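Quick look at model37.pdb (PDB, C-alpha atoms):
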ATOM      1  CA  MET Y   1       6.061 -12.472  -1.330  1.00  0.00           C
ATOM      2  CA  ARG Y   2       5.881 -10.504  -4.543  1.00  0.00           C
ATOM      3  CA  ALA Y   3       3.889 -10.350  -7.713  1.00  0.00           C
ATOM      4  CA  THR Y   4       5.310 -11.635 -10.980  1.00  0.00           C
ATOM      5  CA  ASN Y   5       6.264  -9.296 -13.785  1.00  0.00           C
ATOM      6  CA  PRO Y   6       3.328  -7.442 -15.364  1.00  0.00           C
ATOM      7  CA  SER Y   7       2.389  -7.851 -19.013  1.00  0.00           C
ATOM      8  CA  PRO Y   8       0.951  -5.058 -21.204  1.00  0.00           C
ATOM      9  CA  PRO Y   9      -2.252  -3.464 -19.876  1.00  0.00           C
ATOM     10  CA  GLY Y  10      -5.480  -5.224 -20.694  1.00  0.00           C
ATOM     11  CA  HIS Y  11      -9.171  -5.064 -19.864  1.00  0.00           C
ATOM     12  CA  GLY Y  12     -10.251  -3.001 -16.844  1.00  0.00           C
ATOM     13  CA  GLY Y  13      -6.905  -1.267 -16.402  1.00  0.00           C
ATOM     14  CA  VAL Y  14      -5.249  -4.349 -14.877  1.00  0.00           C
ATOM     15  CA  PRO Y  15      -2.365  -5.845 -16.873  1.00  0.00           C
ATOM     16  CA  GLN Y  16      -3.023  -9.152 -18.625  1.00  0.00           C
ATOM     17  CA  ARG Y  17      -0.749 -11.874 -17.253  1.00  0.00           C
ATOM     18  CA  ALA Y  18       0.181 -15.420 -18.135  1.00  0.00           C
ATOM     19  CA  GLN Y  19      -1.099 -16.404 -14.686  1.00  0.00           C
ATOM     20  CA  PRO Y  20      -3.960 -14.653 -12.847  1.00  0.00           C
ATOM     21  CA  ARG Y  21      -3.091 -12.626  -9.770  1.00  0.00           C
ATOM     22  CA  ARG Y  22      -3.524 -14.624  -6.582  1.00  0.00           C
ATOM     23  CA  ILE Y  23      -5.580 -13.048  -3.792  1.00  0.00           C
ATOM     24  CA  LEU Y  24      -6.051 -14.360  -0.261  1.00  0.00           C
ATOM     25  CA  VAL Y  25      -9.248 -13.152   1.442  1.00  0.00           C
ATOM     26  CA  VAL Y  26      -9.335 -13.604   5.231  1.00  0.00           C
ATOM     27  CA  GLU Y  27     -12.929 -12.933   6.273  1.00  0.00           C
ATOM     28  CA  ASP Y  28     -15.024 -14.766   8.870  1.00  0.00           C
ATOM     29  CA  GLU Y  29     -18.430 -13.618   7.546  1.00  0.00           C
ATOM     30  CA  ARG Y  30     -19.143 -16.334   4.993  1.00  0.00           C
ATOM     31  CA  ASP Y  31     -21.638 -14.370   2.874  1.00  0.00           C
ATOM     32  CA  ILE Y  32     -19.230 -11.425   2.508  1.00  0.00           C
ATOM     33  CA  ALA Y  33     -16.271 -13.692   1.759  1.00  0.00           C
ATOM     34  CA  GLU Y  34     -18.138 -15.648  -0.929  1.00  0.00           C
ATOM     35  CA  LEU Y  35     -19.521 -12.471  -2.519  1.00  0.00           C
ATOM     36  CA  ILE Y  36     -16.023 -10.963  -2.679  1.00  0.00           C
ATOM     37  CA  ALA Y  37     -14.608 -14.183  -4.116  1.00  0.00           C
ATOM     38  CA  LEU Y  38     -17.355 -14.406  -6.754  1.00  0.00           C
ATOM     39  CA  HIS Y  39     -16.724 -10.906  -8.069  1.00  0.00           C
ATOM     40  CA  LEU Y  40     -12.934 -11.192  -7.951  1.00  0.00           C
ATOM     41  CA  ARG Y  41     -13.093 -14.448  -9.899  1.00  0.00           C
ATOM     42  CA  ASP Y  42     -15.399 -12.783 -12.421  1.00  0.00           C
ATOM     43  CA  ASN Y  43     -12.535 -10.324 -12.941  1.00  0.00           C
ATOM     44  CA  ASN Y  44     -10.047 -13.145 -13.616  1.00  0.00           C
ATOM     45  CA  PHE Y  45      -8.387 -13.205 -10.203  1.00  0.00           C
ATOM     46  CA  GLU Y  46      -7.507 -16.456  -8.441  1.00  0.00           C
ATOM     47  CA  VAL Y  47      -9.025 -16.362  -4.946  1.00  0.00           C
ATOM     48  CA  CYS Y  48      -8.459 -18.406  -1.794  1.00  0.00           C
ATOM     49  CA  LEU Y  49     -10.612 -17.936   1.320  1.00  0.00           C
ATOM     50  CA  ALA Y  50      -9.710 -18.257   4.997  1.00  0.00           C
ATOM     51  CA  ALA Y  51     -12.463 -18.057   7.613  1.00  0.00           C
ATOM     52  CA  ASP Y  52     -10.459 -17.216  10.757  1.00  0.00           C
ATOM     53  CA  GLY Y  53      -7.194 -15.698  11.865  1.00  0.00           C
ATOM     54  CA  HIS Y  54      -5.385 -18.992  12.421  1.00  0.00           C
ATOM     55  CA  GLU Y  55      -6.136 -20.262   8.912  1.00  0.00           C
ATOM     56  CA  GLY Y  56      -5.476 -16.789   7.505  1.00  0.00           C
ATOM     57  CA  MET Y  57      -2.041 -16.649   9.128  1.00  0.00           C
ATOM     58  CA  ARG Y  58      -1.178 -20.134   7.861  1.00  0.00           C
ATOM     59  CA  GLN Y  59      -2.352 -19.396   4.312  1.00  0.00           C
ATOM     60  CA  ALA Y  60      -0.631 -15.996   4.225  1.00  0.00           C
ATOM     61  CA  PHE Y  61       2.763 -17.629   4.708  1.00  0.00           C
ATOM     62  CA  ALA Y  62       2.052 -20.848   2.792  1.00  0.00           C
ATOM     63  CA  ARG Y  63       2.583 -19.373  -0.689  1.00  0.00           C
ATOM     64  CA  ASP Y  64       3.241 -16.153  -2.568  1.00  0.00           C
ATOM     65  CA  TRP Y  65       0.245 -13.834  -2.917  1.00  0.00           C
ATOM     66  CA  ASP Y  66      -0.318 -10.787  -5.095  1.00  0.00           C
ATOM     67  CA  LEU Y  67      -2.735  -9.352  -2.509  1.00  0.00           C
ATOM     68  CA  VAL Y  68      -3.926 -10.252   0.989  1.00  0.00           C
ATOM     69  CA  VAL Y  69      -7.353  -8.939   2.030  1.00  0.00           C
ATOM     70  CA  LEU Y  70      -7.726  -8.897   5.828  1.00  0.00           C
ATOM     71  CA  ASP Y  71     -10.830  -8.330   7.884  1.00  0.00           C
ATOM     72  CA  ILE Y  72      -9.703  -6.644  11.099  1.00  0.00           C
ATOM     73  CA  LYS Y  73     -12.134  -8.489  13.392  1.00  0.00           C
ATOM     74  CA  LEU Y  74     -11.377 -12.211  13.156  1.00  0.00           C
ATOM     75  CA  PRO Y  75     -11.568 -15.265  15.429  1.00  0.00           C
ATOM     76  CA  GLY Y  76      -8.022 -16.044  16.517  1.00  0.00           C
ATOM     77  CA  PRO Y  77      -5.299 -13.631  15.391  1.00  0.00           C
ATOM     78  CA  ASP Y  78      -6.975 -10.478  14.084  1.00  0.00           C
ATOM     79  CA  GLY Y  79      -6.212  -8.714  10.829  1.00  0.00           C
ATOM     80  CA  LEU Y  80      -3.844  -6.249  12.463  1.00  0.00           C
ATOM     81  CA  THR Y  81      -1.786  -9.112  13.908  1.00  0.00           C
ATOM     82  CA  ILE Y  82      -1.575 -10.832  10.519  1.00  0.00           C
ATOM     83  CA  CYS Y  83      -0.630  -7.555   8.828  1.00  0.00           C
ATOM     84  CA  ARG Y  84       2.092  -6.948  11.409  1.00  0.00           C
ATOM     85  CA  SER Y  85       3.472 -10.449  10.840  1.00  0.00           C
ATOM     86  CA  LEU Y  86       3.518  -9.981   7.060  1.00  0.00           C
ATOM     87  CA  ARG Y  87       5.375  -6.693   7.376  1.00  0.00           C
ATOM     88  CA  ARG Y  88       8.120  -8.371   9.413  1.00  0.00           C
ATOM     89  CA  GLU Y  89       8.967 -10.395   6.301  1.00  0.00           C
ATOM     90  CA  LYS Y  90      11.659  -9.049   3.968  1.00  0.00           C
ATOM     91  CA  SER Y  91       9.541  -9.598   0.855  1.00  0.00           C
ATOM     92  CA  TYR Y  92       6.564  -7.354   0.143  1.00  0.00           C
ATOM     93  CA  VAL Y  93       2.915  -8.284  -0.371  1.00  0.00           C
ATOM     94  CA  PRO Y  94       0.135  -5.686  -0.734  1.00  0.00           C
ATOM     95  CA  VAL Y  95      -2.444  -5.683   2.071  1.00  0.00           C
ATOM     96  CA  LEU Y  96      -6.006  -4.331   1.912  1.00  0.00           C
ATOM     97  CA  MET Y  97      -7.881  -4.087   5.212  1.00  0.00           C
ATOM     98  CA  LEU Y  98     -11.633  -4.476   5.772  1.00  0.00           C
ATOM     99  CA  THR Y  99     -12.812  -2.402   8.708  1.00  0.00           C
ATOM    100  CA  SER Y 100     -16.083  -1.302  10.248  1.00  0.00           C
ATOM    101  CA  LYS Y 101     -17.390   2.210   9.665  1.00  0.00           C
ATOM    102  CA  SER Y 102     -17.205   3.073  13.361  1.00  0.00           C
ATOM    103  CA  SER Y 103     -13.625   1.954  13.917  1.00  0.00           C
ATOM    104  CA  GLU Y 104     -11.408   4.880  12.936  1.00  0.00           C
ATOM    105  CA  LEU Y 105      -8.692   3.641  15.318  1.00  0.00           C
ATOM    106  CA  ASP Y 106      -8.496   0.275  13.528  1.00  0.00           C
ATOM    107  CA  ARG Y 107      -8.115   2.012  10.169  1.00  0.00           C
ATOM    108  CA  VAL Y 108      -5.331   4.231  11.481  1.00  0.00           C
ATOM    109  CA  LEU Y 109      -3.558   1.285  13.116  1.00  0.00           C
ATOM    110  CA  GLY Y 110      -3.846  -0.748   9.930  1.00  0.00           C
ATOM    111  CA  LEU Y 111      -2.218   1.981   7.863  1.00  0.00           C
ATOM    112  CA  GLU Y 112       0.471   2.525  10.498  1.00  0.00           C
ATOM    113  CA  LEU Y 113       1.300  -1.195  10.425  1.00  0.00           C
ATOM    114  CA  GLY Y 114       1.784  -1.042   6.667  1.00  0.00           C
ATOM    115  CA  ALA Y 115      -1.580  -1.796   5.054  1.00  0.00           C
ATOM    116  CA  ASP Y 116      -1.741  -0.332   1.553  1.00  0.00           C
ATOM    117  CA  ASP Y 117      -5.423   0.555   1.619  1.00  0.00           C
ATOM    118  CA  TYR Y 118      -8.656  -0.122   3.468  1.00  0.00           C
ATOM    119  CA  VAL Y 119     -12.339  -0.513   2.593  1.00  0.00           C
ATOM    120  CA  THR Y 120     -14.998   0.368   5.143  1.00  0.00           C
ATOM    121  CA  LYS Y 121     -17.960  -1.941   5.780  1.00  0.00           C
ATOM    122  CA  PRO Y 122     -20.619  -1.887   4.498  1.00  0.00           C
ATOM    123  CA  PHE Y 123     -19.176  -1.447   1.007  1.00  0.00           C
ATOM    124  CA  SER Y 124     -20.357  -2.004  -2.547  1.00  0.00           C
ATOM    125  CA  VAL Y 125     -18.647  -4.919  -4.232  1.00  0.00           C
ATOM    126  CA  SER Y 126     -18.036  -2.798  -7.338  1.00  0.00           C
ATOM    127  CA  GLU Y 127     -16.124  -0.267  -5.217  1.00  0.00           C
ATOM    128  CA  PHE Y 128     -14.157  -3.078  -3.592  1.00  0.00           C
ATOM    129  CA  VAL Y 129     -13.134  -4.551  -6.964  1.00  0.00           C
ATOM    130  CA  ALA Y 130     -12.252  -1.062  -8.243  1.00  0.00           C
ATOM    131  CA  ARG Y 131      -9.992  -0.557  -5.208  1.00  0.00           C
ATOM    132  CA  VAL Y 132      -8.278  -3.873  -5.861  1.00  0.00           C
ATOM    133  CA  LYS Y 133      -7.653  -2.986  -9.518  1.00  0.00           C
ATOM    134  CA  ALA Y 134      -6.420   0.482  -8.568  1.00  0.00           C
ATOM    135  CA  LEU Y 135      -4.040  -1.016  -6.016  1.00  0.00           C
ATOM    136  CA  PHE Y 136      -2.542  -3.317  -8.644  1.00  0.00           C
ATOM    137  CA  ARG Y 137      -2.217  -0.431 -11.116  1.00  0.00           C
ATOM    138  CA  ARG Y 138      -0.388   1.630  -8.511  1.00  0.00           C
ATOM    139  CA  ILE Y 139       1.916  -1.261  -7.624  1.00  0.00           C
ATOM    140  CA  ASP Y 140       2.736  -1.817 -11.292  1.00  0.00           C
ATOM    141  CA  SER Y 141       3.365   1.883 -11.913  1.00  0.00           C
ATOM    142  CA  LEU Y 142       5.695   2.108  -8.921  1.00  0.00           C
ATOM    143  CA  GLY Y 143       7.723  -0.783 -10.295  1.00  0.00           C
ATOM    144  CA  LYS Y 144       7.370  -3.058  -7.267  1.00  0.00           C
ATOM    145  CA  ASP Y 145       7.126  -6.042  -9.598  1.00  0.00           C
ATOM    146  CA  LEU Y 146      10.599  -5.418 -10.998  1.00  0.00           C
ATOM    147  CA  PRO Y 147      13.093  -5.901  -8.170  1.00  0.00           C
ATOM    148  CA  GLY Y 148      16.722  -5.176  -8.869  1.00  0.00           C
ATOM    149  CA  VAL Y 149      16.271  -2.989 -11.965  1.00  0.00           C
ATOM    150  CA  GLU Y 150      16.441   0.386 -10.230  1.00  0.00           C
ATOM    151  CA  GLN Y 151      19.462   1.672  -8.366  1.00  0.00           C
ATOM    152  CA  PRO Y 152      19.116   3.295  -4.926  1.00  0.00           C
ATOM    153  CA  ILE Y 153      18.305   6.998  -4.999  1.00  0.00           C
ATOM    154  CA  LEU Y 154      20.563   9.310  -2.962  1.00  0.00           C
ATOM    155  CA  ILE Y 155      19.220  12.655  -1.754  1.00  0.00           C
ATOM    156  CA  GLY Y 156      21.228  14.374   0.929  1.00  0.00           C
ATOM    157  CA  GLY Y 157      21.830  11.781   3.622  1.00  0.00           C
ATOM    158  CA  LEU Y 158      18.888   9.678   2.435  1.00  0.00           C
ATOM    159  CA  GLU Y 159      19.305   6.442   0.517  1.00  0.00           C
ATOM    160  CA  ILE Y 160      16.067   5.048  -0.915  1.00  0.00           C
ATOM    161  CA  ASP Y 161      16.271   1.527  -2.342  1.00  0.00           C
ATOM    162  CA  PRO Y 162      13.230   0.677  -4.509  1.00  0.00           C
ATOM    163  CA  SER Y 163      14.233  -2.992  -4.803  1.00  0.00           C
ATOM    164  CA  SER Y 164      14.281  -3.752  -1.080  1.00  0.00           C
ATOM    165  CA  ARG Y 165      11.806  -0.973  -0.222  1.00  0.00           C
ATOM    166  CA  SER Y 166      14.206   0.283   2.412  1.00  0.00           C
ATOM    167  CA  VAL Y 167      15.354   3.747   3.470  1.00  0.00           C
ATOM    168  CA  THR Y 168      18.430   4.768   5.422  1.00  0.00           C
ATOM    169  CA  LEU Y 169      19.392   8.174   6.753  1.00  0.00           C
ATOM    170  CA  GLY Y 170      23.103   8.657   7.359  1.00  0.00           C
ATOM    171  CA  GLY Y 171      23.435   4.865   7.196  1.00  0.00           C
ATOM    172  CA  ASP Y 172      20.768   4.267   9.855  1.00  0.00           C
ATOM    173  CA  PRO Y 173      17.600   2.392   8.783  1.00  0.00           C
ATOM    174  CA  ILE Y 174      14.338   4.343   8.807  1.00  0.00           C
ATOM    175  CA  THR Y 175      11.114   2.404   9.418  1.00  0.00           C
ATOM    176  CA  LEU Y 176       8.335   3.481   7.058  1.00  0.00           C
ATOM    177  CA  THR Y 177       4.850   2.118   6.451  1.00  0.00           C
ATOM    178  CA  ALA Y 178       4.098   0.869   2.931  1.00  0.00           C
ATOM    179  CA  ARG Y 179       2.296   4.098   2.038  1.00  0.00           C
ATOM    180  CA  GLU Y 180       4.988   6.311   3.539  1.00  0.00           C
ATOM    181  CA  PHE Y 181       7.574   4.491   1.437  1.00  0.00           C
ATOM    182  CA  ASP Y 182       5.484   4.907  -1.724  1.00  0.00           C
ATOM    183  CA  LEU Y 183       5.151   8.631  -1.033  1.00  0.00           C
ATOM    184  CA  MET Y 184       8.870   8.979  -0.330  1.00  0.00           C
ATOM    185  CA  LEU Y 185       9.750   7.066  -3.504  1.00  0.00           C
ATOM    186  CA  HIS Y 186       7.425   9.204  -5.618  1.00  0.00           C
ATOM    187  CA  PHE Y 187       9.089  12.380  -4.327  1.00  0.00           C
ATOM    188  CA  ALA Y 188      12.579  10.913  -4.770  1.00  0.00           C
ATOM    189  CA  ARG Y 189      11.887   9.936  -8.366  1.00  0.00           C
ATOM    190  CA  ASN Y 190      10.724  13.475  -9.092  1.00  0.00           C
ATOM    191  CA  PRO Y 191      13.075  15.777  -7.128  1.00  0.00           C
ATOM    192  CA  ASN Y 192      12.265  19.498  -7.109  1.00  0.00           C
ATOM    193  CA  HIS Y 193       8.914  18.818  -8.795  1.00  0.00           C
ATOM    194  CA  VAL Y 194       5.984  20.401  -6.971  1.00  0.00           C
ATOM    195  CA  PHE Y 195       2.923  18.187  -6.483  1.00  0.00           C
ATOM    196  CA  SER Y 196      -0.477  19.327  -5.290  1.00  0.00           C
ATOM    197  CA  ARG Y 197      -2.291  17.220  -2.688  1.00  0.00           C
ATOM    198  CA  ALA Y 198      -4.720  16.050  -5.373  1.00  0.00           C
ATOM    199  CA  GLN Y 199      -1.832  14.935  -7.602  1.00  0.00           C
ATOM    200  CA  LEU Y 200      -0.219  13.016  -4.752  1.00  0.00           C
ATOM    201  CA  LEU Y 201      -3.523  11.305  -3.976  1.00  0.00           C
ATOM    202  CA  ASP Y 202      -3.842  10.317  -7.617  1.00  0.00           C
ATOM    203  CA  HIS Y 203      -0.246   9.109  -8.058  1.00  0.00           C
ATOM    204  CA  VAL Y 204       0.347   7.457  -4.673  1.00  0.00           C
ATOM    205  CA  TRP Y 205      -3.062   6.544  -3.249  1.00  0.00           C
ATOM    206  CA  GLY Y 206      -5.014   5.911  -6.439  1.00  0.00           C
ATOM    207  CA  TYR Y 207      -8.753   5.482  -6.878  1.00  0.00           C
ATOM    208  CA  GLY Y 208     -11.373   6.428  -4.309  1.00  0.00           C
ATOM    209  CA  HIS Y 209      -9.566   8.954  -2.116  1.00  0.00           C
ATOM    210  CA  GLU Y 210     -11.185  12.144  -3.377  1.00  0.00           C
ATOM    211  CA  GLY Y 211     -11.679  14.601  -0.532  1.00  0.00           C
ATOM    212  CA  TYR Y 212      -8.926  13.038   1.575  1.00  0.00           C
ATOM    213  CA  GLU Y 213      -6.331  15.783   1.178  1.00  0.00           C
ATOM    214  CA  HIS Y 214      -5.794  15.700   4.949  1.00  0.00           C
ATOM    215  CA  THR Y 215      -4.395  12.177   4.477  1.00  0.00           C
ATOM    216  CA  VAL Y 216      -1.551  13.668   2.438  1.00  0.00           C
ATOM    217  CA  ASN Y 217      -0.843  16.224   5.165  1.00  0.00           C
ATOM    218  CA  SER Y 218      -0.668  13.579   7.895  1.00  0.00           C
ATOM    219  CA  HIS Y 219       1.662  11.354   5.871  1.00  0.00           C
ATOM    220  CA  ILE Y 220       3.915  14.318   5.033  1.00  0.00           C
ATOM    221  CA  ASN Y 221       4.091  15.203   8.729  1.00  0.00           C
ATOM    222  CA  ARG Y 222       4.990  11.623   9.687  1.00  0.00           C
ATOM    223  CA  LEU Y 223       7.689  11.453   7.003  1.00  0.00           C
ATOM    224  CA  ARG Y 224       9.169  14.731   8.203  1.00  0.00           C
ATOM    225  CA  ALA Y 225       9.223  13.456  11.780  1.00  0.00           C
ATOM    226  CA  LYS Y 226      11.302  10.483  10.618  1.00  0.00           C
ATOM    227  CA  ILE Y 227      13.750  12.122   8.184  1.00  0.00           C
ATOM    228  CA  GLU Y 228      14.069  15.830   9.011  1.00  0.00           C
ATOM    229  CA  PRO Y 229      16.579  17.092  11.632  1.00  0.00           C
ATOM    230  CA  ASP Y 230      13.985  19.733  12.562  1.00  0.00           C
ATOM    231  CA  PRO Y 231      10.490  18.683  11.366  1.00  0.00           C
ATOM    232  CA  ALA Y 232       9.137  22.142  12.171  1.00  0.00           C
ATOM    233  CA  HIS Y 233      11.591  23.592   9.626  1.00  0.00           C
ATOM    234  CA  PRO Y 234      11.864  20.892   6.934  1.00  0.00           C
ATOM    235  CA  GLU Y 235      14.710  20.927   4.449  1.00  0.00           C
ATOM    236  CA  LEU Y 236      13.978  17.789   2.391  1.00  0.00           C
ATOM    237  CA  ILE Y 237      10.203  17.659   1.935  1.00  0.00           C
ATOM    238  CA  VAL Y 238       9.236  21.308   1.736  1.00  0.00           C
ATOM    239  CA  THR Y 239       5.918  23.098   1.404  1.00  0.00           C
ATOM    240  CA  VAL Y 240       5.349  25.326  -1.607  1.00  0.00           C
ATOM    241  CA  TRP Y 241       2.645  27.585  -0.203  1.00  0.00           C
ATOM    242  CA  GLY Y 242      -0.558  27.637  -2.189  1.00  0.00           C
ATOM    243  CA  VAL Y 243       0.588  24.775  -4.438  1.00  0.00           C
ATOM    244  CA  GLY Y 244       1.731  21.637  -2.589  1.00  0.00           C
ATOM    245  CA  TYR Y 245       4.944  19.815  -1.690  1.00  0.00           C
ATOM    246  CA  LYS Y 246       8.267  18.864  -3.246  1.00  0.00           C
ATOM    247  CA  MET Y 247      11.414  16.989  -2.302  1.00  0.00           C
ATOM    248  CA  GLN Y 248      14.278  19.438  -2.402  1.00  0.00           C
ATOM    249  CA  ARG Y 249      17.454  18.259  -4.064  1.00  0.00           C
ATOM    250  CA  ALA Y 250      20.486  20.484  -4.561  1.00  0.00           C
TER     251      ALA Y 250
END

Kindly transcribe the structure held in the file into structure tokens.
Amino acid sequence: MRATNPSPPGHGGVPQRAQPRRILVVEDERDIAELIALHLRDNNFEVCLAADGHEGMRQAFARDWDLVVLDIKLPGPDGLTICRSLRREKSYVPVLMLTSKSSELDRVLGLELGADDYVTKPFSVSEFVARVKALFRRIDSLGKDLPGVEQPILIGGLEIDPSSRSVTLGGDPITLTAREFDLMLHFARNPNHVFSRAQLLDHVWGYGHEGYEHTVNSHINRLRAKIEPDPAHPELIVTVWGVGYKMQRA
């Protein structure tokens, strides 16, 4: 599951394409689903709706999607289950989760399972559409739509393959969430460059994450736990005190 190659940027910051981006929305609240679909279609997206987890699971694997929007609370398989199933596939599809304001655990679990972003209910439709556009801009800028054109990046014992979105350490595979991989890839493409938390939020997370610098810290800590021999004394992703973080490359 992958998007087709982007064309030059057009209206609203989303590249113009020969075919509109295809979005699957899995949401059991009919009014919310139809409102989302209306506004996405107004922005030239092709939208398909699924009203429960069983239909959502079937639709998610029935064709290639450019984005899957998953409500967490669904009849049948919930959004977390569908997200987990999608992430078992070799090919990559962006996932945006819809979660309730009170369910911090669901949001954390969604991100851990590989969701690319989440929107908290109740939300404004304009914010939702802006998040969708920002997600596509970030995907395009990271080159996910161009498999096979970038060689693996070697840093120390790490091998980061942008085409397959895989990471190995000393030949052993490392399991990363979608966001952890994006953060790792951004560092690897810019070795020895120091990024502030705000810059990382802008480059890796995109729109709507102002004030979430702690998110960067938690992702850095999780990456270190997976790739550093001694996470308490990191040698690859290092802190530059008072400035931010960098990936150290000799």

Output of the PyMOL selection byres ((chain Y and resi 244) around 12), listed as number ranges by chain: Y: 187, 192-201, 213, 216-217, 220, 237-243, 245-247

Put those residues in a file: C-alpha atoms, as a PDB file, in the coordinates of the input.
ATOM      1  CA  PHE Y 187       9.089  12.380  -4.327  1.00  0.00           C
ATOM      2  CA  ASN Y 192      12.265  19.498  -7.109  1.00  0.00           C
ATOM      3  CA  HIS Y 193       8.914  18.818  -8.795  1.00  0.00           C
ATOM      4  CA  VAL Y 194       5.984  20.401  -6.971  1.00  0.00           C
ATOM      5  CA  PHE Y 195       2.923  18.187  -6.483  1.00  0.00           C
ATOM      6  CA  SER Y 196      -0.477  19.327  -5.290  1.00  0.00           C
ATOM      7  CA  ARG Y 197      -2.291  17.220  -2.688  1.00  0.00           C
ATOM      8  CA  ALA Y 198      -4.720  16.050  -5.373  1.00  0.00           C
ATOM      9  CA  GLN Y 199      -1.832  14.935  -7.602  1.00  0.00           C
ATOM     10  CA  LEU Y 200      -0.219  13.016  -4.752  1.00  0.00           C
ATOM     11  CA  LEU Y 201      -3.523  11.305  -3.976  1.00  0.00           C
ATOM     12  CA  GLU Y 213      -6.331  15.783   1.178  1.00  0.00           C
ATOM     13  CA  VAL Y 216      -1.551  13.668   2.438  1.00  0.00           C
ATOM     14  CA  ASN Y 217      -0.843  16.224   5.165  1.00  0.00           C
ATOM     15  CA  ILE Y 220       3.915  14.318   5.033  1.00  0.00           C
ATOM     16  CA  ILE Y 237      10.203  17.659   1.935  1.00  0.00           C
ATOM     17  CA  VAL Y 238       9.236  21.308   1.736  1.00  0.00           C
ATOM     18  CA  THR Y 239       5.918  23.098   1.404  1.00  0.00           C
ATOM     19  CA  VAL Y 240       5.349  25.326  -1.607  1.00  0.00           C
ATOM     20  CA  TRP Y 241       2.645  27.585  -0.203  1.00  0.00           C
ATOM     21  CA  GLY Y 242      -0.558  27.637  -2.189  1.00  0.00           C
ATOM     22  CA  VAL Y 243       0.588  24.775  -4.438  1.00  0.00           C
ATOM     23  CA  TYR Y 245       4.944  19.815  -1.690  1.00  0.00           C
ATOM     24  CA  LYS Y 246       8.267  18.864  -3.246  1.00  0.00           C
ATOM     25  CA  MET Y 247      11.414  16.989  -2.302  1.00  0.00           C
TER      26      MET Y 247
END

Could you name the residues that touch Ala188 in chain Y at 7 Å or less, counting all atoms listed in the file, but leaving out those on the same chain fewer than 3 positions away, as a short mmCIF file (atom, residue, chain, number, x, y, z; two decimals) with C-alpha atoms, keeping the file's coordinate frame?
data_model
loop_
_atom_site.label_atom_id
_atom_site.label_comp_id
_atom_site.auth_asym_id
_atom_site.auth_seq_id
_atom_site.Cartn_x
_atom_site.Cartn_y
_atom_site.Cartn_z
CA ILE Y 153 18.30 7.00 -5.00
CA MET Y 184 8.87 8.98 -0.33
CA LEU Y 185 9.75 7.07 -3.50
CA PRO Y 191 13.08 15.78 -7.13
CA MET Y 247 11.41 16.99 -2.30
#

Residues near Trp205 in chain Y, cut-off 9 Å, only C-alpha atoms, skip fewer than 3 positions along chain, as a ChimeraX atom specification: /Y:116-117,134-135,138,179,182-183,200-202,208-209

Output of the above residues as a PDB file, keeping the file's coordinate frame, restricted to C-alpha atoms:
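Saved the output as out.pdb:
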ATOM      1  CA  ASP Y 116      -1.741  -0.332   1.553  1.00  0.00           C
ATOM      2  CA  ASP Y 117      -5.423   0.555   1.619  1.00  0.00           C
ATOM      3  CA  ALA Y 134      -6.420   0.482  -8.568  1.00  0.00           C
ATOM      4  CA  LEU Y 135      -4.040  -1.016  -6.016  1.00  0.00           C
ATOM      5  CA  ARG Y 138      -0.388   1.630  -8.511  1.00  0.00           C
ATOM      6  CA  ARG Y 179       2.296   4.098   2.038  1.00  0.00           C
ATOM      7  CA  ASP Y 182       5.484   4.907  -1.724  1.00  0.00           C
ATOM      8  CA  LEU Y 183       5.151   8.631  -1.033  1.00  0.00           C
ATOM      9  CA  LEU Y 200      -0.219  13.016  -4.752  1.00  0.00           C
ATOM     10  CA  LEU Y 201      -3.523  11.305  -3.976  1.00  0.00           C
ATOM     11  CA  ASP Y 202      -3.842  10.317  -7.617  1.00  0.00           C
ATOM     12  CA  GLY Y 208     -11.373   6.428  -4.309  1.00  0.00           C
ATOM     13  CA  HIS Y 209      -9.566   8.954  -2.116  1.00  0.00           C
TER      14      HIS Y 209
END

Quick one: axis-aligned box around all listed atoms of range 168-186 of chain Y, 8 Å on every side, centre and edge lengths in Å to one decimal, written as AutoDock Vina command-line options.
--center_x 12.9 --center_y 5.0 --center_z 2.1 --size_x 37.1 --size_y 24.3 --size_z 31.5

Result set, the PyMOL selection byres ((chain Y and resi 29-45) around 12) on current file, as number ranges by chain: Y: 10-28, 46-52, 65-67, 69-75, 98, 121-133, 136

Residues matched by the PyMOL selection byres ((chain Y and resi 57) around 10) as a list in words: Val26, Ala50, Asp52, Gly53, His54, Glu55, Gly56, Arg58, Gln59, Ala60, Phe61, Ala62, Gly76, Pro77, Asp78, Gly79, Thr81, Ile82, Cys83, Ser85 and Leu86 of chain Y

Selection export as an mmCIF file, keeping the file's coordinate frame, atoms kept: C-alpha atoms:
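Now in part.cif:
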data_model
loop_
_atom_site.group_PDB
_atom_site.id
_atom_site.type_symbol
_atom_site.label_atom_id
_atom_site.label_comp_id
_atom_site.auth_asym_id
_atom_site.auth_seq_id
_atom_site.Cartn_x
_atom_site.Cartn_y
_atom_site.Cartn_z
ATOM 1 C CA VAL Y 26 -9.335 -13.604 5.231
ATOM 2 C CA ALA Y 50 -9.710 -18.257 4.997
ATOM 3 C CA ASP Y 52 -10.459 -17.216 10.757
ATOM 4 C CA GLY Y 53 -7.194 -15.698 11.865
ATOM 5 C CA HIS Y 54 -5.385 -18.992 12.421
ATOM 6 C CA GLU Y 55 -6.136 -20.262 8.912
ATOM 7 C CA GLY Y 56 -5.476 -16.789 7.505
ATOM 8 C CA ARG Y 58 -1.178 -20.134 7.861
ATOM 9 C CA GLN Y 59 -2.352 -19.396 4.312
ATOM 10 C CA ALA Y 60 -0.631 -15.996 4.225
ATOM 11 C CA PHE Y 61 2.763 -17.629 4.708
ATOM 12 C CA ALA Y 62 2.052 -20.848 2.792
ATOM 13 C CA GLY Y 76 -8.022 -16.044 16.517
ATOM 14 C CA PRO Y 77 -5.299 -13.631 15.391
ATOM 15 C CA ASP Y 78 -6.975 -10.478 14.084
ATOM 16 C CA GLY Y 79 -6.212 -8.714 10.829
ATOM 17 C CA THR Y 81 -1.786 -9.112 13.908
ATOM 18 C CA ILE Y 82 -1.575 -10.832 10.519
ATOM 19 C CA CYS Y 83 -0.630 -7.555 8.828
ATOM 20 C CA SER Y 85 3.472 -10.449 10.840
ATOM 21 C CA LEU Y 86 3.518 -9.981 7.060
#
